[in-house]
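> Just so it is clear, I am handing over final_21.tsv, which has TSV, C-alpha atoms and all ligand atoms.
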```tsv
chain	number	residue	atom	x	y	z
A	1	MET	CA	-15.59	8.55	20.99
A	2	ARG	CA	-18.25	8.48	23.69
A	3	ILE	CA	-20.61	5.84	25.02
A	4	LEU	CA	-23.36	7.33	22.85
A	5	ASP	CA	-21.28	6.43	19.77
A	6	ILE	CA	-21.47	2.79	20.85
A	7	VAL	CA	-25.25	3.02	21.23
A	8	ASN	CA	-25.51	4.65	17.77
A	9	ARG	CA	-22.95	2.41	16.06
A	10	MET	CA	-23.78	1.05	12.68
A	11	GLY	CA	-24.71	-2.63	12.33
A	12	PRO	CA	-22.18	-5.22	11.30
A	13	PRO	CA	-18.88	-3.55	10.32
A	14	LEU	CA	-17.65	-4.14	6.80
A	15	PRO	CA	-14.51	-6.28	6.84
A	16	TRP	CA	-11.40	-4.10	7.38
A	17	ALA	CA	-13.52	-0.89	7.26
A	18	GLU	CA	-13.11	0.05	10.96
A	19	GLY	CA	-9.45	-0.91	11.21
A	20	ASP	CA	-7.50	-3.91	10.05
A	21	ASN	CA	-6.02	-5.36	13.20
A	22	ILE	CA	-5.48	-4.98	16.92
A	23	PRO	CA	-2.82	-2.27	17.52
A	24	TRP	CA	0.23	-4.56	17.44
A	25	ASN	CA	2.36	-1.58	16.40
A	26	ASP	CA	1.25	0.79	19.20
A	27	PRO	CA	4.22	1.16	21.62
A	28	GLU	CA	2.24	0.67	24.85
A	29	PHE	CA	0.12	-2.17	23.42
A	30	SER	CA	3.25	-3.85	22.07
A	31	GLU	CA	4.88	-3.71	25.55
A	32	GLN	CA	1.86	-5.50	27.02
A	33	MET	CA	1.73	-7.97	24.12
A	34	LEU	CA	5.43	-8.77	24.55
A	35	LYS	CA	4.62	-10.11	28.04
A	36	GLU	CA	2.06	-12.44	26.40
A	37	HIS	CA	4.61	-13.60	23.78
A	38	LEU	CA	7.10	-14.43	26.52
A	39	CYS	CA	4.64	-16.02	28.95
A	40	HIS	CA	5.03	-19.77	28.86
A	41	ASP	CA	1.79	-20.63	30.67
A	42	HIS	CA	-0.23	-20.30	27.46
A	43	ASP	CA	0.07	-20.32	23.66
A	44	HIS	CA	-1.62	-17.00	22.85
A	45	ALA	CA	0.68	-14.49	21.12
A	46	SER	CA	3.51	-17.01	20.66
A	47	ARG	CA	3.62	-20.67	21.55
A	48	ARG	CA	5.51	-22.07	24.52
A	49	LEU	CA	9.25	-22.47	23.93
A	50	ALA	CA	9.12	-26.28	24.17
A	51	THR	CA	6.58	-26.33	21.30
A	52	ILE	CA	8.56	-23.81	19.22
A	53	ASP	CA	11.68	-25.90	19.76
A	54	GLN	CA	9.95	-28.96	18.22
A	55	GLN	CA	8.61	-26.88	15.33
A	56	VAL	CA	12.04	-25.40	14.61
A	57	LYS	CA	13.52	-28.90	14.55
A	58	TRP	CA	10.90	-29.99	12.00
A	59	ILE	CA	11.66	-26.96	9.82
A	60	HIS	CA	15.41	-27.60	10.07
A	61	HIS	CA	15.30	-31.37	9.48
A	62	GLU	CA	12.30	-31.93	7.21
A	63	LEU	CA	12.03	-28.73	5.20
A	64	LEU	CA	15.66	-27.64	5.01
A	65	ASN	CA	17.39	-31.05	5.20
A	66	CYS	CA	19.73	-29.56	7.82
A	67	ILE	CA	21.38	-27.37	5.14
A	68	PRO	CA	22.07	-23.82	6.41
A	69	THR	CA	20.18	-21.18	4.48
A	70	ARG	CA	18.97	-17.59	4.59
A	71	ILE	CA	15.58	-17.30	6.28
A	72	LEU	CA	13.10	-14.42	6.22
A	73	ASP	CA	10.54	-14.39	9.07
A	74	LEU	CA	7.54	-12.15	8.36
A	75	GLY	CA	5.68	-11.10	11.53
A	76	CYS	CA	8.50	-12.55	13.64
A	77	GLY	CA	7.27	-11.23	17.01
A	78	PRO	CA	10.09	-11.38	19.61
A	79	GLY	CA	12.20	-13.64	17.39
A	80	LEU	CA	11.58	-16.93	19.18
A	81	PHE	CA	11.78	-18.94	15.92
A	82	ALA	CA	14.62	-17.01	14.29
A	83	ASN	CA	16.90	-17.12	17.32
A	84	LEU	CA	16.56	-20.92	17.52
A	85	LEU	CA	16.94	-21.36	13.74
A	86	SER	CA	20.10	-19.27	13.76
A	87	LYS	CA	21.58	-21.55	16.46
A	88	LEU	CA	21.16	-24.39	13.94
A	89	GLY	CA	23.32	-22.56	11.40
A	90	HIS	CA	20.80	-20.46	9.48
A	91	SER	CA	21.01	-16.69	9.10
A	92	CYS	CA	17.76	-14.78	9.54
A	93	VAL	CA	16.20	-11.50	8.52
A	94	CYS	CA	13.04	-10.78	10.48
A	95	ILE	CA	10.37	-8.12	10.03
A	96	ASP	CA	7.68	-7.06	12.50
A	97	PHE	CA	5.99	-3.75	13.24
A	98	SER	CA	5.73	-4.29	17.01
A	99	PRO	CA	8.36	-1.97	18.55
A	100	ALA	CA	8.64	-3.88	21.84
A	101	SER	CA	9.03	-7.25	20.12
A	102	ILE	CA	11.73	-5.99	17.76
A	103	THR	CA	13.67	-4.30	20.59
A	104	TYR	CA	13.52	-7.52	22.64
A	105	ALA	CA	14.53	-9.70	19.66
A	106	LYS	CA	17.48	-7.43	18.83
A	107	GLU	CA	18.68	-7.54	22.46
A	108	GLN	CA	18.53	-11.34	22.56
A	109	ALA	CA	20.38	-11.69	19.25
A	110	LEU	CA	23.06	-9.26	20.39
A	111	LYS	CA	23.46	-11.02	23.76
A	112	GLU	CA	24.00	-14.38	22.07
A	113	ASN	CA	25.81	-13.02	19.01
A	114	LEU	CA	23.29	-14.59	16.62
A	115	PRO	CA	23.22	-13.94	12.86
A	116	CYS	CA	19.73	-12.39	12.99
A	117	LYS	CA	18.78	-9.01	11.63
A	118	TYR	CA	15.55	-7.54	13.07
A	119	LEU	CA	13.71	-4.83	11.16
A	120	LEU	CA	10.84	-2.73	12.50
A	121	ASN	CA	8.54	-2.46	9.50
A	122	ASP	CA	5.10	-3.29	8.15
A	123	ILE	CA	5.31	-6.40	5.99
A	124	ARG	CA	2.75	-4.86	3.62
A	125	GLU	CA	5.21	-2.07	2.84
A	126	ALA	CA	8.65	-3.52	3.55
A	127	ASN	CA	11.15	-4.41	0.88
A	128	TYR	CA	12.00	-8.08	1.55
A	129	GLY	CA	15.39	-8.29	-0.16
A	130	ASP	CA	16.26	-11.49	-2.02
A	131	ASN	CA	18.02	-14.83	-2.11
A	132	PHE	CA	16.20	-16.50	0.78
A	133	GLY	CA	15.95	-20.27	1.03
A	134	LEU	CA	12.91	-20.11	3.32
A	135	ILE	CA	10.28	-17.50	4.14
A	136	LEU	CA	7.94	-17.90	7.11
A	137	LEU	CA	4.58	-16.32	7.81
A	138	ILE	CA	3.23	-18.36	10.70
A	139	PHE	CA	0.81	-18.55	13.62
A	140	GLY	CA	-2.33	-17.50	11.77
A	141	GLU	CA	-1.31	-13.97	10.78
A	142	PHE	CA	-1.77	-14.74	7.05
A	143	ASN	CA	-5.56	-14.41	7.33
A	144	SER	CA	-5.47	-10.91	8.83
A	145	PHE	CA	-4.63	-9.23	5.52
A	146	ASN	CA	-7.16	-8.17	2.90
A	147	ASN	CA	-7.00	-9.78	-0.55
A	148	LYS	CA	-4.91	-7.04	-2.13
A	149	ASP	CA	-2.31	-7.04	0.68
A	150	THR	CA	-2.23	-10.85	0.78
A	151	LYS	CA	-1.46	-11.10	-2.95
A	152	ASN	CA	1.17	-8.40	-2.58
A	153	ILE	CA	2.83	-10.19	0.38
A	154	VAL	CA	2.82	-13.57	-1.40
A	155	THR	CA	4.20	-12.02	-4.61
A	156	LYS	CA	6.95	-10.18	-2.71
A	157	ALA	CA	7.79	-13.44	-0.92
A	158	TYR	CA	8.00	-15.26	-4.27
A	159	ASN	CA	10.38	-12.61	-5.63
A	160	ALA	CA	12.52	-12.71	-2.48
A	161	LEU	CA	13.09	-16.48	-2.66
A	162	GLN	CA	15.94	-18.16	-4.48
A	163	ASP	CA	15.00	-20.87	-7.01
A	164	ASN	CA	13.59	-23.88	-5.13
A	165	GLY	CA	13.18	-21.70	-2.05
A	166	ILE	CA	10.23	-22.51	0.21
A	167	LEU	CA	7.38	-20.36	1.49
A	168	LEU	CA	6.07	-21.71	4.80
A	169	LEU	CA	2.62	-20.53	5.80
A	170	GLU	CA	0.57	-21.40	8.84
A	171	PRO	CA	-2.90	-20.01	8.12
A	172	HIS	CA	-6.27	-20.76	9.66
A	173	THR	CA	-8.65	-23.27	8.14
A	174	PHE	CA	-11.86	-21.95	6.59
A	175	GLU	CA	-13.93	-23.33	9.48
A	176	ALA	CA	-11.67	-21.76	12.11
A	177	VAL	CA	-12.11	-18.28	10.60
A	178	LYS	CA	-15.87	-18.79	10.47
A	179	GLU	CA	-15.87	-19.85	14.13
A	180	MET	CA	-14.06	-16.62	15.10
A	181	ALA	CA	-17.46	-14.91	14.73
A	182	GLU	CA	-18.81	-16.84	17.75
A	183	PRO	CA	-19.94	-15.91	20.34
A	184	ARG	CA	-21.64	-12.94	18.78
A	185	SER	CA	-20.86	-10.58	21.69
A	186	SER	CA	-19.09	-10.61	25.04
A	187	TRP	CA	-17.56	-8.23	27.54
A	188	SER	CA	-14.88	-8.27	30.20
A	189	ALA	CA	-13.55	-5.94	32.89
A	190	LYS	CA	-9.80	-5.58	33.45
A	191	LYS	CA	-7.78	-3.83	36.15
A	192	LYS	CA	-5.12	-3.55	33.43
A	193	GLY	CA	-4.45	-5.49	30.28
A	194	LEU	CA	-3.43	-5.48	26.64
A	195	PHE	CA	-5.46	-2.43	25.70
A	196	SER	CA	-4.59	-0.22	28.67
A	197	LEU	CA	-2.60	-0.09	31.89
A	198	ARG	CA	-5.63	1.57	33.51
A	199	PRO	CA	-8.86	-0.17	34.48
A	200	TYR	CA	-11.13	-0.69	31.47
A	201	LEU	CA	-14.13	-2.49	30.06
A	202	CYS	CA	-13.73	-4.37	26.80
A	203	LEU	CA	-16.90	-4.89	24.74
A	204	GLU	CA	-16.51	-7.27	21.81
A	205	GLU	CA	-18.84	-7.95	18.88
A	206	ARG	CA	-18.15	-10.51	16.18
A	207	TYR	CA	-19.61	-10.90	12.71
A	208	TRP	CA	-19.32	-13.40	9.89
A	209	ASP	CA	-19.68	-11.70	6.51
A	210	ALA	CA	-21.02	-14.48	4.31
A	211	ILE	CA	-20.33	-12.58	1.07
A	212	VAL	CA	-16.70	-11.61	1.73
A	213	ARG	CA	-16.32	-14.78	3.85
A	214	ALA	CA	-14.48	-12.98	6.60
A	215	SER	CA	-14.93	-12.68	10.37
A	216	THR	CA	-14.62	-9.27	11.98
A	217	THR	CA	-14.27	-8.57	15.70
A	218	ARG	CA	-15.06	-5.05	16.86
A	219	TYR	CA	-13.65	-3.97	20.22
A	220	TYR	CA	-14.83	-0.99	22.26
A	221	ILE	CA	-12.43	-0.15	25.09
A	222	LEU	CA	-14.02	2.02	27.80
A	223	ASP	CA	-11.54	3.73	30.09
A	224	GLY	CA	-12.64	2.97	33.65
A	225	VAL	CA	-11.53	6.39	34.94
A	226	THR	CA	-12.34	8.88	32.17
A	227	GLY	CA	-15.11	6.98	30.35
A	228	ASP	CA	-13.28	7.66	27.05
A	229	VAL	CA	-14.00	5.09	24.35
A	230	MET	CA	-11.57	3.64	21.82
A	231	ARG	CA	-12.62	1.38	18.96
A	232	TYR	CA	-10.53	-1.30	17.25
A	233	ALA	CA	-11.48	-3.91	14.71
A	234	GLN	CA	-9.78	-7.02	13.43
A	235	THR	CA	-10.76	-9.03	10.36
A	236	ALA	CA	-9.73	-12.50	9.25
A	237	GLN	CA	-10.26	-13.73	5.69
A	238	ALA	CA	-11.40	-17.34	5.25
A	239	TYR	CA	-9.96	-19.48	2.44
A	240	THR	CA	-10.82	-23.00	1.40
A	241	ASN	CA	-7.83	-25.23	0.64
A	242	GLU	CA	-8.62	-24.86	-3.08
A	243	GLU	CA	-8.42	-21.09	-2.65
A	244	TYR	CA	-5.05	-21.36	-0.89
A	245	LEU	CA	-3.85	-23.50	-3.80
A	246	THR	CA	-5.10	-21.04	-6.40
A	247	LEU	CA	-3.69	-18.02	-4.59
A	248	LEU	CA	-0.23	-19.57	-4.31
A	249	SER	CA	-0.12	-20.97	-7.83
A	250	ASP	CA	-1.37	-17.64	-9.27
A	251	CYS	CA	1.66	-16.01	-7.63
A	252	GLY	CA	3.99	-18.52	-9.31
A	253	PHE	CA	4.42	-21.19	-6.60
A	254	SER	CA	4.41	-24.93	-7.27
A	255	ASP	CA	4.76	-28.14	-5.18
A	256	ILE	CA	2.11	-26.84	-2.80
A	257	THR	CA	1.76	-29.21	0.15
A	258	PHE	CA	-0.56	-29.19	3.17
A	259	PHE	CA	0.55	-30.44	6.60
A	260	PRO	CA	-1.57	-30.83	9.73
A	261	SER	CA	0.87	-28.91	11.94
A	262	LEU	CA	4.26	-27.23	12.19
A	263	THR	CA	5.82	-30.52	13.18
A	264	GLY	CA	4.15	-32.27	10.26
A	265	SER	CA	2.35	-34.52	12.72
A	266	VAL	CA	-1.38	-34.92	13.35
A	267	LYS	CA	-0.55	-35.37	17.03
A	268	GLU	CA	0.56	-31.73	17.26
A	269	ILE	CA	-2.43	-30.18	15.49
A	270	GLN	CA	-3.21	-26.73	16.83
A	271	LYS	CA	-6.91	-26.23	16.59
A	272	GLY	CA	-7.85	-24.19	13.53
A	273	LEU	CA	-4.34	-23.87	12.10
A	274	GLN	CA	-2.75	-25.80	9.25
A	275	VAL	CA	0.57	-25.60	7.47
A	276	ILE	CA	1.23	-25.02	3.78
A	277	THR	CA	4.56	-25.14	2.01
A	278	ALA	CA	5.06	-23.89	-1.55
A	279	LYS	CA	8.17	-23.88	-3.72
A	280	LYS	CA	9.49	-21.23	-6.07
B	1	LIG	C1	0.51	-14.05	16.44
B	1	LIG	S1	1.99	-13.12	16.46
B	1	LIG	C2	3.16	-14.35	15.94
B	1	LIG	C3	4.59	-13.99	16.23
B	1	LIG	C4	5.61	-15.05	15.78
B	1	LIG	N1	5.51	-15.33	14.36
B	1	LIG	C5	5.45	-16.32	16.57
B	1	LIG	O1	4.88	-17.28	16.06
B	1	LIG	O2	5.94	-16.36	17.71
B	1	LIG	C6	1.79	-12.13	14.98
B	1	LIG	C7	2.90	-11.12	14.76
B	1	LIG	O3	2.67	-10.50	13.49
B	1	LIG	C8	3.00	-9.12	13.61
B	1	LIG	N2	2.30	-8.40	12.54
B	1	LIG	C9	0.96	-8.36	12.30
B	1	LIG	N3	0.71	-7.59	11.23
B	1	LIG	C10	1.91	-7.12	10.79
B	1	LIG	C11	2.30	-6.26	9.73
B	1	LIG	N4	1.40	-5.72	8.90
B	1	LIG	N5	3.62	-6.00	9.57
B	1	LIG	C12	4.54	-6.53	10.43
B	1	LIG	N6	4.23	-7.34	11.46
B	1	LIG	C13	2.92	-7.64	11.63
B	1	LIG	C14	2.56	-8.73	15.01
B	1	LIG	O4	3.21	-7.57	15.46
B	1	LIG	C15	2.96	-10.00	15.79
B	1	LIG	O5	4.26	-9.90	16.28
```
Can the structure from this file be put into structure tokens for me?


Amino acid sequence: MRILDIVNRMGPPLPWAEGDNIPWNDPEFSEQMLKEHLCHDHDHASRRLATIDQQVKWIHHELLNCIPTRILDLGCGPGLFANLLSKLGHSCVCIDFSPASITYAKEQALKENLPCKYLLNDIREANYGDNFGLILLIFGEFNSFNNKDTKNIVTKAYNALQDNGILLLEPHTFEAVKEMAEPRSSWSAKKKGLFSLRPYLCLEERYWDAIVRASTTRYYILDGVTGDVMRYAQTAQAYTNEEYLTLLSDCGFSDITFFPSLTGSVKEIQKGLQVITAKK
């Protein structure tokens, strides 16, 4: 791509049409993203360890009644949840398609001899196995999938749970997804960053598609040395709480409960996120 392609770009991108997500699974991008996951000055890619620790305790005490079980973590990142859960007696299988995160998570589990198995795979395609007491898909990633993939992921999760097993989701609220389309456009200059280790400009445009009810962010990355242009796009689907309920019950789930946060408490609300549990 060249700069002229940006000038001649089409208007608002159709949701998912120009790519479905930022390149989590690109090796170089995943190395840069791993630094963000492990940085404890902010809560961007993963939350700070002190917060995760509280959330893990809530999962262990309130959802699992302190009874050891088999846990599947979908989109596990560097395994910050699974490694802590396994120290409380649970055994974990974790899937993520970020190579750097999975390598890091495997190293940590090996170092501490934890019962965690880390698999490098796309959760849209992976076989989940079965007999899990709990399945997690947290920190907003639920909304990044299109309707077909979302139904497929929820159905596979249902089939992978044991009877009375729990699906734990942490999706965005409808309003939060709508707000992702603001501001309409922005740009930044980086000496190096997530998208490249070389200097680059990042141009971002955001759109709310009122028919699909999805926000799409389009990124143009302009290499500061060569002028080469790369394009990425990321879409998030908005759901009302009624739609979350319908989606989960259509896939067989019951006892669907909404919580304000991953500690169950309103005091720990993370803006735009909410928690849903559903039972098989
Ligand atoms: C926001 S991070 C959250 C990581 C972790 N759950 C946490 O809370 O610390 C989202 C994770 O989902 C992963 N992910 C996104 N889409 C995926 C897919 N289709 N298959 C597997 N992993 C995916 C990314 O690589 C990333 O590690």

> Please provide as a PDB file with C-alpha atoms, in the frame of the given file all residues within 9 Å of Gln274 in chain A, with the sequence filter that same-chain residues fewer than 3 positions apart are discarded (counting only C-alpha atoms).


```
ATOM      1  CA  GLY A 140      -2.330 -17.500  11.770  1.00  0.00           C
ATOM      2  CA  LEU A 169       2.620 -20.530   5.800  1.00  0.00           C
ATOM      3  CA  GLU A 170       0.570 -21.400   8.840  1.00  0.00           C
ATOM      4  CA  PRO A 171      -2.900 -20.010   8.120  1.00  0.00           C
ATOM      5  CA  HIS A 172      -6.270 -20.760   9.660  1.00  0.00           C
ATOM      6  CA  THR A 173      -8.650 -23.270   8.140  1.00  0.00           C
ATOM      7  CA  PHE A 258      -0.560 -29.190   3.170  1.00  0.00           C
ATOM      8  CA  PHE A 259       0.550 -30.440   6.600  1.00  0.00           C
ATOM      9  CA  PRO A 260      -1.570 -30.830   9.730  1.00  0.00           C
ATOM     10  CA  SER A 261       0.870 -28.910  11.940  1.00  0.00           C
ATOM     11  CA  LEU A 262       4.260 -27.230  12.190  1.00  0.00           C
ATOM     12  CA  ILE A 269      -2.430 -30.180  15.490  1.00  0.00           C
ATOM     13  CA  GLN A 270      -3.210 -26.730  16.830  1.00  0.00           C
ATOM     14  CA  LYS A 271      -6.910 -26.230  16.590  1.00  0.00           C
TER      15      LYS A 271
END
```

> Measuring atom to atom with all atoms listed in the file, identify which of A:Ala189, A:Leu84, A:Cys251, A:Ala181 is nearest to ligand LIG 1 (chain B).

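Closest to ligand LIG 1 (chain B) of all the choices is A:Leu84.
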
> Do you have the CA of Gly227 in chain A-CA of Lys191 in chain A distance handy?

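Taking CA of Gly227 in chain A as the start and CA of Lys191 in chain A as the end point, the length is 14.3 Å.
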
> Which residue gives the smallest distance to Cys76 in chain A among A:Gly89, A:Leu114, A:Asp26, A:Phe139, with only C-alpha atoms counted?

A:Phe139

> Give as a PyMOL selection string each residue that has an atom at most 10 Å from (9.9, -4.4, 16.1) in the file, counting all atoms listed in the file.

chain A and resi 24-25+27+30+75-79+94-106+118-122

> Closest to Lys192 in chain A among A:Ser265, A:Gln32, A:Asn65, A:Thr155, using only C-alpha atoms?

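With only C-alpha atoms as the atom set, the closest residue is A:Gln32.
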
> May I have the centre and edge lengths, in Å to one decimal, of an axis-aligned box around the listed atoms of ligand LIG 1 (chain B) with 8 Å added to every side, as JSON?


```
{"center_x": 3.2, "center_y": -11.5, "center_z": 13.3, "size_x": 21.4, "size_y": 27.6, "size_z": 24.8}
```

> Looking at A:Leu34, A:Ile135, A:Cys92, A:Leu197, which one is nearest to ligand LIG 1 (chain B), with distances taken over all atoms listed in the file?

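Closest to ligand LIG 1 (chain B), using all atoms listed in the file: A:Leu34.
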
> Which value, in Å to one decimal, gives the distance between CA of Val93 in chain A and CA of Cys39 in chain A?

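Between CA of Val93 in chain A and CA of Cys39 in chain A the gap works out to 23.9 Å.
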
> Closest to Tyr158 in chain A among A:Lys279, A:Arg231, A:Arg47, A:Arg124, using only C-alpha atoms?

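Counting only C-alpha atoms, the residue closest to Tyr158 in chain A is A:Lys279.
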
> Which of these residues is nearest to ligand LIG 1 (chain B), using only C-alpha atoms and all ligand atoms: A:Lys57, A:Lys178, A:Arg48, A:Lys151?

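Smallest separation from ligand LIG 1 (chain B) among the options: A:Arg48.
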
> Need to verify the contact set: Leu245 in chain A, 10 Å, all atoms listed in the file, exclusion of same-chain residues closer than 2 positions in sequence. Can you return it as a VMD selection string?

chain A and resid 239 to 243 247 to 250 253 to 258 276 278

> Those same residues, written as a PDB file, in the coordinates of the input with C-alpha atoms?


```
ATOM      1  CA  TYR A 239      -9.960 -19.480   2.440  1.00  0.00           C
ATOM      2  CA  THR A 240     -10.820 -23.000   1.400  1.00  0.00           C
ATOM      3  CA  ASN A 241      -7.830 -25.230   0.640  1.00  0.00           C
ATOM      4  CA  GLU A 242      -8.620 -24.860  -3.080  1.00  0.00           C
ATOM      5  CA  GLU A 243      -8.420 -21.090  -2.650  1.00  0.00           C
ATOM      6  CA  LEU A 247      -3.690 -18.020  -4.590  1.00  0.00           C
ATOM      7  CA  LEU A 248      -0.230 -19.570  -4.310  1.00  0.00           C
ATOM      8  CA  SER A 249      -0.120 -20.970  -7.830  1.00  0.00           C
ATOM      9  CA  ASP A 250      -1.370 -17.640  -9.270  1.00  0.00           C
ATOM     10  CA  PHE A 253       4.420 -21.190  -6.600  1.00  0.00           C
ATOM     11  CA  SER A 254       4.410 -24.930  -7.270  1.00  0.00           C
ATOM     12  CA  ASP A 255       4.760 -28.140  -5.180  1.00  0.00           C
ATOM     13  CA  ILE A 256       2.110 -26.840  -2.800  1.00  0.00           C
ATOM     14  CA  THR A 257       1.760 -29.210   0.150  1.00  0.00           C
ATOM     15  CA  PHE A 258      -0.560 -29.190   3.170  1.00  0.00           C
ATOM     16  CA  ILE A 276       1.230 -25.020   3.780  1.00  0.00           C
ATOM     17  CA  ALA A 278       5.060 -23.890  -1.550  1.00  0.00           C
TER      18      ALA A 278
END
```
